[in-house]
file target.cif (mmCIF, C-alpha atoms)
data_my_file
loop_
_atom_site.label_atom_id
_atom_site.label_comp_id
_atom_site.auth_asym_id
_atom_site.auth_seq_id
_atom_site.Cartn_x
_atom_site.Cartn_y
_atom_site.Cartn_z
CA MET A 29 177.07 -14.96 -252.32
CA LYS A 30 174.19 -17.07 -251.15
CA ILE A 31 176.60 -19.64 -249.66
CA LYS A 32 178.52 -16.91 -247.78
CA LYS A 33 175.24 -15.51 -246.40
CA ILE A 34 174.11 -18.92 -245.17
CA LEU A 35 177.50 -19.51 -243.52
CA SER A 36 177.26 -16.12 -241.79
CA ILE A 37 173.82 -16.97 -240.39
CA LEU A 38 175.00 -20.36 -239.14
CA LEU A 39 178.04 -18.76 -237.50
CA ALA A 40 175.88 -16.14 -235.76
CA THR A 41 173.48 -18.82 -234.52
CA ALA A 42 176.35 -20.87 -233.10
CA MET A 43 177.71 -17.82 -231.27
CA LEU A 44 174.31 -17.07 -229.73
CA CYS A 45 173.86 -20.65 -228.54
CA SER A 46 177.32 -20.53 -227.01
CA LEU A 47 176.43 -17.29 -225.22
CA PHE A 48 173.16 -18.77 -223.85
CA ALA A 49 175.04 -21.81 -222.56
CA VAL A 50 177.50 -19.57 -220.65
CA THR A 51 174.84 -17.27 -219.18
CA GLY A 52 172.39 -20.05 -218.25
CA CYS A 53 169.80 -18.86 -220.74
CA ASP A 54 169.55 -22.16 -222.60
CA SER A 55 166.19 -22.45 -224.32
CA GLU A 56 165.89 -25.96 -222.85
CA GLN A 57 166.49 -24.81 -219.24
CA GLN A 58 164.11 -26.50 -216.77
CA PRO A 59 161.62 -24.26 -214.92
CA GLU A 60 161.95 -23.78 -211.16
CA GLU A 61 160.28 -26.43 -208.98
CA GLN A 62 156.65 -25.50 -208.43
CA GLU A 63 155.57 -24.73 -204.87
CA ALA A 64 153.32 -27.45 -203.42
CA LYS A 65 149.79 -26.95 -202.13
CA PRO A 66 149.58 -25.53 -198.57
CA VAL A 67 149.26 -28.19 -195.89
CA ILE A 68 147.48 -28.55 -192.55
CA LEU A 69 149.34 -31.20 -190.55
CA VAL A 70 147.03 -32.70 -187.92
CA VAL A 71 149.20 -34.08 -185.11
CA SER A 72 147.72 -36.56 -182.65
CA PHE A 73 149.08 -38.81 -179.92
CA GLY A 74 147.54 -41.71 -181.84
CA THR A 75 145.74 -44.92 -180.92
CA SER A 76 145.91 -48.58 -181.90
CA TYR A 77 142.10 -48.87 -181.60
CA ASN A 78 141.17 -48.70 -185.28
CA ASP A 79 137.44 -48.02 -184.91
CA SER A 80 137.92 -45.22 -182.42
CA ARG A 81 140.76 -43.73 -184.47
CA GLU A 82 138.59 -43.22 -187.52
CA LYS A 83 135.60 -41.99 -185.49
CA THR A 84 137.73 -39.42 -183.67
CA ILE A 85 141.06 -38.44 -185.22
CA GLY A 86 139.80 -39.32 -188.68
CA ALA A 87 136.61 -37.32 -188.15
CA ILE A 88 138.57 -34.27 -186.97
CA GLU A 89 140.81 -34.49 -190.03
CA LYS A 90 137.82 -34.78 -192.36
CA ALA A 91 136.11 -31.79 -190.74
CA ILE A 92 139.26 -29.71 -191.25
CA GLU A 93 139.62 -30.94 -194.83
CA LYS A 94 136.01 -30.03 -195.60
CA LYS A 95 136.33 -26.53 -194.17
CA PHE A 96 139.76 -25.61 -195.54
CA THR A 97 139.65 -26.74 -199.15
CA GLU A 98 142.68 -24.65 -200.15
CA PHE A 99 144.87 -26.96 -198.04
CA GLU A 100 145.97 -30.56 -198.21
CA VAL A 101 145.43 -32.29 -194.85
CA ARG A 102 148.09 -34.71 -193.60
CA ARG A 103 148.43 -36.85 -190.47
CA ALA A 104 151.21 -37.41 -187.94
CA PHE A 105 151.30 -39.23 -184.59
CA THR A 106 153.56 -38.45 -181.64
CA SER A 107 153.55 -41.91 -180.02
CA GLN A 108 156.27 -44.00 -181.65
CA ILE A 109 155.00 -47.05 -179.77
CA ILE A 110 151.63 -46.75 -181.47
CA ILE A 111 153.23 -46.01 -184.86
CA ASP A 112 155.38 -49.15 -184.58
CA LYS A 113 152.44 -51.29 -183.42
CA LEU A 114 150.22 -50.20 -186.31
CA LYS A 115 152.98 -50.90 -188.82
CA GLU A 116 153.71 -54.37 -187.42
CA ARG A 117 150.10 -55.39 -186.77
CA ASP A 118 148.22 -53.77 -189.64
CA GLY A 119 150.87 -52.76 -192.15
CA LEU A 120 149.74 -49.17 -191.61
CA GLU A 121 152.52 -46.58 -191.91
CA ILE A 122 152.03 -43.22 -190.19
CA ASP A 123 154.69 -40.53 -189.92
CA ASN A 124 155.94 -39.25 -186.60
CA ILE A 125 156.25 -35.48 -186.35
CA VAL A 126 159.87 -35.33 -187.59
CA GLN A 127 159.21 -37.66 -190.51
CA ALA A 128 156.17 -35.60 -191.48
CA LEU A 129 158.15 -32.35 -191.40
CA LYS A 130 160.98 -33.82 -193.49
CA ARG A 131 158.44 -35.08 -196.02
CA LEU A 132 156.84 -31.64 -196.24
CA VAL A 133 160.21 -30.02 -196.93
CA LYS A 134 161.02 -32.64 -199.57
CA ASP A 135 157.63 -32.02 -201.22
CA ASN A 136 158.43 -28.29 -201.43
CA VAL A 137 155.56 -27.24 -199.17
CA LYS A 138 156.04 -23.59 -198.21
CA THR A 139 152.85 -22.86 -196.24
CA LEU A 140 152.19 -25.08 -193.22
CA VAL A 141 149.65 -25.02 -190.41
CA VAL A 142 150.30 -27.59 -187.65
CA GLN A 143 147.16 -28.39 -185.66
CA PRO A 144 147.63 -30.71 -182.66
CA THR A 145 144.60 -32.57 -181.31
CA HIS A 146 145.90 -32.48 -177.75
CA VAL A 147 143.40 -31.47 -175.08
CA MET A 148 145.85 -29.14 -173.30
CA SER A 149 149.32 -27.69 -173.65
CA GLY A 150 151.16 -30.39 -171.71
CA TYR A 151 154.40 -32.25 -172.42
CA GLU A 152 153.15 -33.75 -175.68
CA TYR A 153 152.16 -30.36 -177.03
CA ASP A 154 155.48 -28.87 -175.90
CA ASP A 155 157.31 -31.61 -177.82
CA VAL A 156 155.35 -30.80 -180.99
CA VAL A 157 156.19 -27.10 -180.68
CA ALA A 158 159.88 -27.88 -180.14
CA ALA A 159 160.03 -30.20 -183.15
CA VAL A 160 158.21 -27.78 -185.44
CA ASN A 161 160.40 -24.84 -184.42
CA GLN A 162 163.45 -26.71 -185.73
CA TYR A 163 162.00 -26.35 -189.23
CA LYS A 164 160.95 -22.69 -189.13
CA ASP A 165 163.46 -21.62 -191.76
CA GLN A 166 162.19 -24.25 -194.21
CA PHE A 167 158.79 -22.61 -194.75
CA ASP A 168 157.54 -19.21 -195.87
CA HIS A 169 154.54 -19.51 -193.52
CA LEU A 170 154.59 -21.82 -190.50
CA VAL A 171 152.16 -21.60 -187.57
CA ILE A 172 151.00 -23.94 -184.79
CA GLY A 173 147.36 -24.12 -183.73
CA ALA A 174 146.26 -24.15 -180.08
CA PRO A 175 145.16 -27.25 -178.10
CA LEU A 176 141.47 -27.94 -177.53
CA LEU A 177 141.27 -26.15 -174.17
CA THR A 178 143.07 -22.83 -174.45
CA SER A 179 140.73 -19.84 -174.19
CA ASP A 180 137.90 -19.26 -171.71
CA ASP A 181 135.47 -19.76 -174.58
CA ASP A 182 137.01 -23.18 -175.24
CA TYR A 183 136.23 -24.30 -171.68
CA LYS A 184 132.69 -22.98 -171.90
CA ASN A 185 132.05 -24.49 -175.33
CA LEU A 186 133.37 -27.92 -174.40
CA ALA A 187 131.42 -28.03 -171.13
CA ASN A 188 128.21 -27.19 -172.98
CA ALA A 189 128.97 -29.74 -175.71
CA LEU A 190 129.55 -32.55 -173.19
CA VAL A 191 126.44 -31.72 -171.18
CA THR A 192 124.38 -31.70 -174.36
CA GLU A 193 125.90 -34.99 -175.50
CA THR A 194 125.12 -36.70 -172.17
CA ALA A 195 121.69 -35.12 -171.61
CA GLU A 196 120.01 -38.55 -171.35
CA PHE A 197 122.02 -39.24 -168.17
CA ASN A 198 121.28 -35.90 -166.54
CA LYS A 199 118.83 -37.30 -163.98
CA LYS A 200 118.37 -37.10 -160.26
CA GLY A 201 120.68 -39.52 -158.47
CA THR A 202 122.97 -39.93 -161.49
CA ALA A 203 126.45 -38.47 -161.79
CA VAL A 204 128.44 -38.17 -165.02
CA VAL A 205 132.15 -38.70 -164.42
CA PHE A 206 134.79 -37.93 -167.05
CA MET A 207 138.18 -39.62 -166.95
CA GLY A 208 141.09 -37.40 -167.95
CA HIS A 209 144.67 -38.56 -168.39
CA GLY A 210 146.41 -36.26 -165.91
CA THR A 211 149.97 -34.99 -166.05
CA GLU A 212 152.83 -33.72 -163.88
CA HIS A 213 153.00 -30.72 -166.21
CA GLU A 214 151.65 -27.44 -164.85
CA SER A 215 148.85 -27.72 -167.39
CA ASN A 216 147.20 -30.28 -165.08
CA ALA A 217 145.43 -27.21 -163.64
CA THR A 218 143.24 -27.50 -166.74
CA TYR A 219 141.15 -30.17 -165.01
CA ALA A 220 140.24 -27.98 -162.03
CA LYS A 221 139.38 -25.12 -164.36
CA PHE A 222 137.22 -27.39 -166.48
CA GLN A 223 135.45 -28.70 -163.38
CA GLN A 224 134.60 -25.08 -162.59
CA SER A 225 133.22 -24.70 -166.11
CA PHE A 226 130.65 -27.41 -165.34
CA MET A 227 129.69 -25.61 -162.15
CA ASP A 228 129.36 -22.31 -164.02
CA ILE A 229 126.62 -23.80 -166.23
CA LYS A 230 124.90 -25.46 -163.25
CA ALA A 231 125.99 -28.97 -164.26
CA ASP A 232 126.57 -29.85 -160.62
CA ASN A 233 126.34 -33.62 -161.17
CA TYR A 234 129.33 -33.61 -163.58
CA PHE A 235 132.74 -34.55 -162.22
CA ILE A 236 136.30 -34.94 -163.51
CA GLY A 237 139.00 -37.33 -162.35
CA THR A 238 142.35 -38.33 -163.81
CA VAL A 239 144.28 -41.56 -164.20
CA GLU A 240 147.75 -40.23 -163.42
CA ALA A 241 147.34 -36.99 -161.45
CA THR A 242 144.73 -34.96 -159.59
CA PRO A 243 141.85 -34.96 -159.07
CA THR A 244 142.08 -38.67 -158.34
CA LEU A 245 139.30 -41.26 -158.40
CA ASP A 246 139.26 -41.05 -154.60
CA ASP A 247 138.54 -37.33 -154.89
CA VAL A 248 135.68 -38.10 -157.25
CA ILE A 249 134.26 -40.78 -154.94
CA LYS A 250 134.18 -38.28 -152.07
CA SER A 251 132.11 -35.93 -154.22
CA LEU A 252 129.80 -38.76 -155.30
CA LYS A 253 129.13 -39.78 -151.71
CA LYS A 254 128.59 -36.19 -150.65
CA GLY A 255 125.98 -35.79 -153.42
CA LYS A 256 124.36 -39.13 -152.50
CA TYR A 257 124.48 -40.36 -156.10
CA LYS A 258 123.38 -43.91 -156.84
CA LYS A 259 124.42 -44.25 -160.47
CA VAL A 260 127.66 -43.21 -162.21
CA VAL A 261 128.12 -42.82 -165.96
CA LEU A 262 131.79 -43.02 -166.95
CA GLN A 263 133.09 -41.41 -170.11
CA PRO A 264 136.63 -40.45 -171.28
CA LEU A 265 137.71 -36.81 -171.25
CA MET A 266 140.01 -37.73 -174.09
CA VAL A 267 139.88 -37.22 -177.84
CA VAL A 268 140.09 -40.97 -178.46
CA ALA A 269 138.48 -43.85 -176.57
CA GLY A 270 141.71 -45.84 -176.49
CA ASP A 271 143.63 -47.89 -173.95
CA HIS A 272 142.82 -45.75 -170.89
CA ALA A 273 139.10 -45.71 -171.70
CA ASN A 274 138.82 -49.40 -172.52
CA ASN A 275 141.01 -50.70 -169.70
CA ASP A 276 141.60 -48.18 -166.90
CA MET A 277 138.05 -46.87 -167.08
CA ALA A 278 135.81 -49.66 -168.39
CA GLY A 279 137.95 -52.78 -167.92
CA ASP A 280 136.92 -55.79 -165.85
CA GLU A 281 140.12 -55.80 -163.79
CA ASP A 282 139.84 -55.06 -160.07
CA ASP A 283 141.67 -51.74 -160.40
CA SER A 284 139.53 -50.27 -163.18
CA TRP A 285 137.27 -47.33 -162.35
CA LYS A 286 134.23 -49.39 -163.22
CA SER A 287 135.21 -52.18 -160.82
CA ILE A 288 136.19 -49.84 -157.99
CA LEU A 289 132.99 -47.81 -158.22
CA THR A 290 130.88 -50.97 -158.43
CA LYS A 291 132.50 -52.27 -155.25
CA LYS A 292 131.69 -48.93 -153.61
CA GLY A 293 128.02 -49.63 -154.22
CA PHE A 294 127.38 -47.49 -157.31
CA LYS A 295 125.55 -48.68 -160.38
CA VAL A 296 128.03 -48.03 -163.21
CA GLU A 297 127.51 -47.47 -166.92
CA CYS A 298 130.46 -46.89 -169.28
CA VAL A 299 130.30 -44.88 -172.50
CA LEU A 300 133.27 -45.61 -174.74
CA LYS A 301 133.09 -42.49 -176.86
CA GLY A 302 136.06 -40.23 -177.49
CA MET A 303 135.44 -36.49 -177.59
CA GLY A 304 136.70 -36.39 -181.17
CA GLU A 305 133.44 -38.01 -182.26
CA LEU A 306 131.47 -34.91 -181.33
CA PRO A 307 130.79 -32.43 -184.16
CA ALA A 308 131.08 -29.59 -181.63
CA VAL A 309 134.62 -30.69 -180.74
CA GLN A 310 135.55 -31.06 -184.41
CA GLU A 311 134.34 -27.51 -184.95
CA MET A 312 136.47 -26.30 -182.05
CA TYR A 313 139.57 -27.69 -183.73
CA CYS A 314 138.52 -26.06 -187.01
CA ALA A 315 138.22 -22.76 -185.15
CA HIS A 316 141.78 -23.16 -183.85
CA VAL A 317 143.00 -23.81 -187.39
CA GLN A 318 141.28 -20.63 -188.54
CA ASP A 319 142.86 -18.66 -185.70
CA ALA A 320 146.28 -19.99 -186.73
CA ILE A 321 145.70 -19.04 -190.37
CA ASN A 322 144.67 -15.54 -189.30
CA GLU A 323 147.72 -15.25 -187.02
CA ALA A 324 150.07 -16.16 -189.88
CA ALA A 325 148.21 -13.83 -192.28
CA ILE A 326 147.89 -16.65 -194.81
CA THR A 327 145.85 -15.53 -197.81
CA PHE A 328 144.97 -17.01 -201.19
#
call {"tool": "encode", "arguments": {"input": "target.cif", "output": "structure tokens"}}
result
Amino acid sequence: MKIKKILSILLATAMLCSLFAVTGCDSEQQPEEQEAKPVILVVSFGTSYNDSREKTIGAIEKAIEKKFTEFEVRRAFTSQIIIDKLKERDGLEIDNIVQALKRLVKDNVKTLVVQPTHVMSGYEYDDVVAAVNQYKDQFDHLVIGAPLLTSDDDYKNLANALVTETAEFNKKGTAVVFMGHGTEHESNATYAKFQQSFMDIKADNYFIGTVEATPTLDDVIKSLKKGKYKKVVLQPLMVVAGDHANNDMAGDEDDSWKSILTKKGFKVECVLKGMGELPAVQEMYCAHVQDAINEAAITF
């Protein structure tokens, strides 16, 4: 009797195991893949100037990381030329935007905030938006933060931050000139609006020019002569003090802004400091991240 009972139990156990195997209820079934930590992807044009990169882009990333501890912060660059140069020269590998997005999907990230460090919503920003939108269906929450200069408060806050930062140069006979990049995109109107922001806070000796659009350096020189300024302090209106700042602005070549202004009779001083170094600018990017989080209704 005992042998028959044992056999019955073994037979019942075998039938149950067979049933679990058919229905997918195996006791050894692997659990579902765990969702990864939410990510803030900081997207920048990039720079091959290592010192400036860490003082600017790196500082912005660290400020975001410090403020938003629930998120992992990752980096991507949009300039493939810079990415390739850093890999070849320094052995430094940085994802482009598509590579970063593919990696996020592979890592099972479901909540993503993309924060570009672009100054305005020009072609580069448009490209980021287009690339990110291709991956919308891969995330539960996906939102893109605004560029540095978007709202009226952004213009006001940046103008005040730059005037405060350059207070030592705010003297009679001295003009502070910021070099912007310039673009054929309609967002080039940002420069005229930002010039007005300086005027609104009575910073009448502050001027903006661009390398590749308007206002031009010639436009700036006309304003300098009209104001009878003797000294000009040049500084980049760019997040990073990279190639444009070091060469087009402060280079020794005849066509640099420094050389041209010197030949025009101005005493010239160059400040190679990207805007990303300023805590006030870092905080502005953090504010845009927070706005994006609020827009996507991301909660923890």
call {"tool": "residues_near_point", "arguments": {"input": "target.cif", "point": "(142.6, -50.1, -162.6)", "cutoff": "12 Å", "atoms": "all atoms listed in the file", "output": "compact mmCIF listing (two decimals) with C-alpha atoms, in the coordinates of the input"}}
result
# COMPACT_ATOMS: atom_id res chain seq x y z
CA THR A 238 142.35 -38.33 -163.81
CA VAL A 239 144.28 -41.56 -164.20
CA GLU A 240 147.75 -40.23 -163.42
CA LEU A 245 139.30 -41.26 -158.40
CA ASP A 271 143.63 -47.89 -173.95
CA HIS A 272 142.82 -45.75 -170.89
CA ALA A 273 139.10 -45.71 -171.70
CA ASN A 274 138.82 -49.40 -172.52
CA ASN A 275 141.01 -50.70 -169.70
CA ASP A 276 141.60 -48.18 -166.90
CA MET A 277 138.05 -46.87 -167.08
CA ALA A 278 135.81 -49.66 -168.39
CA GLY A 279 137.95 -52.78 -167.92
CA ASP A 280 136.92 -55.79 -165.85
CA GLU A 281 140.12 -55.80 -163.79
CA ASP A 282 139.84 -55.06 -160.07
CA ASP A 283 141.67 -51.74 -160.40
CA SER A 284 139.53 -50.27 -163.18
CA TRP A 285 137.27 -47.33 -162.35
CA LYS A 286 134.23 -49.39 -163.22
CA SER A 287 135.21 -52.18 -160.82
CA ILE A 288 136.19 -49.84 -157.99
CA LEU A 289 132.99 -47.81 -158.22
call {"tool": "closest_residue", "arguments": {"input": "target.cif", "among": "A:Leu186, A:Val299, A:Thr202, A:Phe197", "to": "A:Glu311", "atoms": "all atoms listed in the file"}}
result
A:Leu186
call {"tool": "residues_around", "arguments": {"input": "target.cif", "residues": "A:Phe96", "least_positions_apart": "6", "cutoff": "9 Å", "atoms": "all atoms listed in the file", "output": "list of chain:residue names"}}
result
A:Ile68, A:Cys314, A:Val317, A:Gln318
call {"tool": "atom_distance", "arguments": {"input": "target.cif", "atom1": "atom CA of A:Val137", "atom2": "atom CA of A:Thr97"}}
result
15.9 Å
call {"tool": "atom_distance", "arguments": {"input": "target.cif", "atom1": "atom CA of A:Lys295", "atom2": "atom CA of A:Gly255"}}
result
14.7 Å
call {"tool": "atom_distance", "arguments": {"input": "target.cif", "atom1": "atom CA of A:Lys253", "atom2": "atom CA of A:Lys199"}}
result
16.2 Å
call {"tool": "residues_around", "arguments": {"input": "target.cif", "residues": "A:Lys184", "least_positions_apart": "3", "cutoff": "9 Å", "atoms": "only C-alpha atoms", "output": "VMD selection string"}}
result
chain A and resid 179 to 181 187 to 189 222 225 to 226 228 to 229
call {"tool": "closest_residue", "arguments": {"input": "target.cif", "among": "A:Glu152, A:Asp182, A:Glu116, A:Asp232", "to": "A:Gly201", "atoms": "all atoms listed in the file"}}
result
A:Asp232
call {"tool": "residues_around", "arguments": {"input": "target.cif", "residues": "stretch 167-174 of chain A", "least_positions_apart": "4", "cutoff": "9 Å", "atoms": "all atoms listed in the file", "output": "ChimeraX atom specification"}}
result
/A:133,136-146,148-149,156-157,160-161,163,178,313,316-321,323-326
call {"tool": "closest_residue", "arguments": {"input": "target.cif", "among": "A:Val101, A:Val296, A:Ile88, A:Val204", "to": "A:Ala315", "atoms": "only C-alpha atoms"}}
result
A:Ile88
call {"tool": "resolve_selection", "arguments": {"input": "target.cif", "expression": "the PyMOL selection byres ((chain A and resi 128) around 10)", "output": "list in words"}}
result
Leu69, Val71, Arg102, Arg103, Ala104, Phe105, Ile122, Asp123, Asn124, Ile125, Val126, Gln127, Leu129, Lys130, Arg131, Leu132, Val133 and Lys134 of chain A
call {"tool": "resolve_selection", "arguments": {"input": "target.cif", "expression": "the PyMOL selection byres ((chain A and resi 176) around 6)", "output": "ChimeraX atom specification"}}
result
/A:147,175,177
call {"tool": "closest_residue", "arguments": {"input": "target.cif", "among": "A:Glu93, A:Asp79, A:Asp154, A:Glu196", "to": "A:Val67", "atoms": "only C-alpha atoms"}}
result
A:Glu93
call {"tool": "residues_around", "arguments": {"input": "target.cif", "residues": "A:Gly86", "least_positions_apart": "6", "cutoff": "10 Å", "atoms": "all atoms listed in the file", "output": "list in words"}}
result
Val70, Asp79, Ser80, Ile92, Arg103, Gly304 and Glu305 of chain A
call {"tool": "closest_residue", "arguments": {"input": "target.cif", "among": "A:Gly74, A:Phe294, A:Phe99, A:Asp135", "to": "A:Asp112", "atoms": "all atoms listed in the file"}}
result
A:Gly74
call {"tool": "closest_residue", "arguments": {"input": "target.cif", "among": "A:Lys200, A:Arg117, A:Arg81, A:His209", "to": "A:Asn233", "atoms": "only C-alpha atoms"}}
result
A:Lys200
call {"tool": "decode", "arguments": {"input": "target.cif", "residues": "stretch 145-163 of chain A", "atoms": "N, CA and C atoms", "output": "PDB file, in the first residue's frame"}}
result
ATOM      1  N   THR A 145      22.182  71.509 -25.024  1.00  0.00           N
ATOM      2  CA  THR A 145      22.858  72.696 -24.486  1.00  0.00           C
ATOM      3  C   THR A 145      22.985  73.777 -25.548  1.00  0.00           C
ATOM      4  N   HIS A 146      22.194  73.680 -26.604  1.00  0.00           N
ATOM      5  CA  HIS A 146      22.237  74.704 -27.647  1.00  0.00           C
ATOM      6  C   HIS A 146      21.727  76.037 -27.101  1.00  0.00           C
ATOM      7  N   VAL A 147      22.262  77.123 -27.647  1.00  0.00           N
ATOM      8  CA  VAL A 147      21.857  78.455 -27.195  1.00  0.00           C
ATOM      9  C   VAL A 147      20.460  78.798 -27.698  1.00  0.00           C
ATOM     10  N   MET A 148      20.139  78.353 -28.921  1.00  0.00           N
ATOM     11  CA  MET A 148      18.848  78.694 -29.529  1.00  0.00           C
ATOM     12  C   MET A 148      18.318  77.498 -30.315  1.00  0.00           C
ATOM     13  N   SER A 149      17.105  77.621 -30.785  1.00  0.00           N
ATOM     14  CA  SER A 149      16.483  76.523 -31.525  1.00  0.00           C
ATOM     15  C   SER A 149      16.776  76.647 -33.016  1.00  0.00           C
ATOM     16  N   GLY A 150      18.038  76.471 -33.376  1.00  0.00           N
ATOM     17  CA  GLY A 150      18.452  76.537 -34.771  1.00  0.00           C
ATOM     18  C   GLY A 150      18.473  75.160 -35.412  1.00  0.00           C
ATOM     19  N   TYR A 151      19.290  75.014 -36.466  1.00  0.00           N
ATOM     20  CA  TYR A 151      19.333  73.754 -37.205  1.00  0.00           C
ATOM     21  C   TYR A 151      19.782  72.590 -36.327  1.00  0.00           C
ATOM     22  N   GLU A 152      20.772  72.823 -35.478  1.00  0.00           N
ATOM     23  CA  GLU A 152      21.282  71.744 -34.624  1.00  0.00           C
ATOM     24  C   GLU A 152      20.189  71.240 -33.677  1.00  0.00           C
ATOM     25  N   TYR A 153      19.463  72.169 -33.104  1.00  0.00           N
ATOM     26  CA  TYR A 153      18.379  71.779 -32.197  1.00  0.00           C
ATOM     27  C   TYR A 153      17.283  71.042 -32.962  1.00  0.00           C
ATOM     28  N   ASP A 154      16.964  71.525 -34.147  1.00  0.00           N
ATOM     29  CA  ASP A 154      15.951  70.862 -34.984  1.00  0.00           C
ATOM     30  C   ASP A 154      16.354  69.422 -35.287  1.00  0.00           C
ATOM     31  N   ASP A 155      17.645  69.208 -35.542  1.00  0.00           N
ATOM     32  CA  ASP A 155      18.139  67.852 -35.842  1.00  0.00           C
ATOM     33  C   ASP A 155      17.986  66.934 -34.630  1.00  0.00           C
ATOM     34  N   VAL A 156      18.232  67.484 -33.443  1.00  0.00           N
ATOM     35  CA  VAL A 156      18.068  66.684 -32.218  1.00  0.00           C
ATOM     36  C   VAL A 156      16.609  66.275 -32.055  1.00  0.00           C
ATOM     37  N   VAL A 157      15.712  67.225 -32.237  1.00  0.00           N
ATOM     38  CA  VAL A 157      14.278  66.944 -32.098  1.00  0.00           C
ATOM     39  C   VAL A 157      13.846  65.866 -33.099  1.00  0.00           C
ATOM     40  N   ALA A 158      14.308  65.988 -34.340  1.00  0.00           N
ATOM     41  CA  ALA A 158      13.936  65.019 -35.370  1.00  0.00           C
ATOM     42  C   ALA A 158      14.442  63.625 -35.032  1.00  0.00           C
ATOM     43  N   ALA A 159      15.678  63.541 -34.546  1.00  0.00           N
ATOM     44  CA  ALA A 159      16.254  62.242 -34.198  1.00  0.00           C
ATOM     45  C   ALA A 159      15.516  61.608 -33.023  1.00  0.00           C
ATOM     46  N   VAL A 160      15.238  62.412 -32.013  1.00  0.00           N
ATOM     47  CA  VAL A 160      14.567  61.898 -30.811  1.00  0.00           C
ATOM     48  C   VAL A 160      13.154  61.426 -31.134  1.00  0.00           C
ATOM     49  N   ASN A 161      12.464  62.154 -31.983  1.00  0.00           N
ATOM     50  CA  ASN A 161      11.077  61.795 -32.324  1.00  0.00           C
ATOM     51  C   ASN A 161      10.968  60.433 -33.008  1.00  0.00           C
ATOM     52  N   GLN A 162      12.049  59.968 -33.614  1.00  0.00           N
ATOM     53  CA  GLN A 162      12.051  58.653 -34.246  1.00  0.00           C
ATOM     54  C   GLN A 162      11.969  57.525 -33.213  1.00  0.00           C
ATOM     55  N   TYR A 163      12.244  57.864 -31.966  1.00  0.00           N
ATOM     56  CA  TYR A 163      12.288  56.844 -30.909  1.00  0.00           C
ATOM     57  C   TYR A 163      11.159  57.005 -29.894  1.00  0.00           C
TER      58      TYR A 163
END
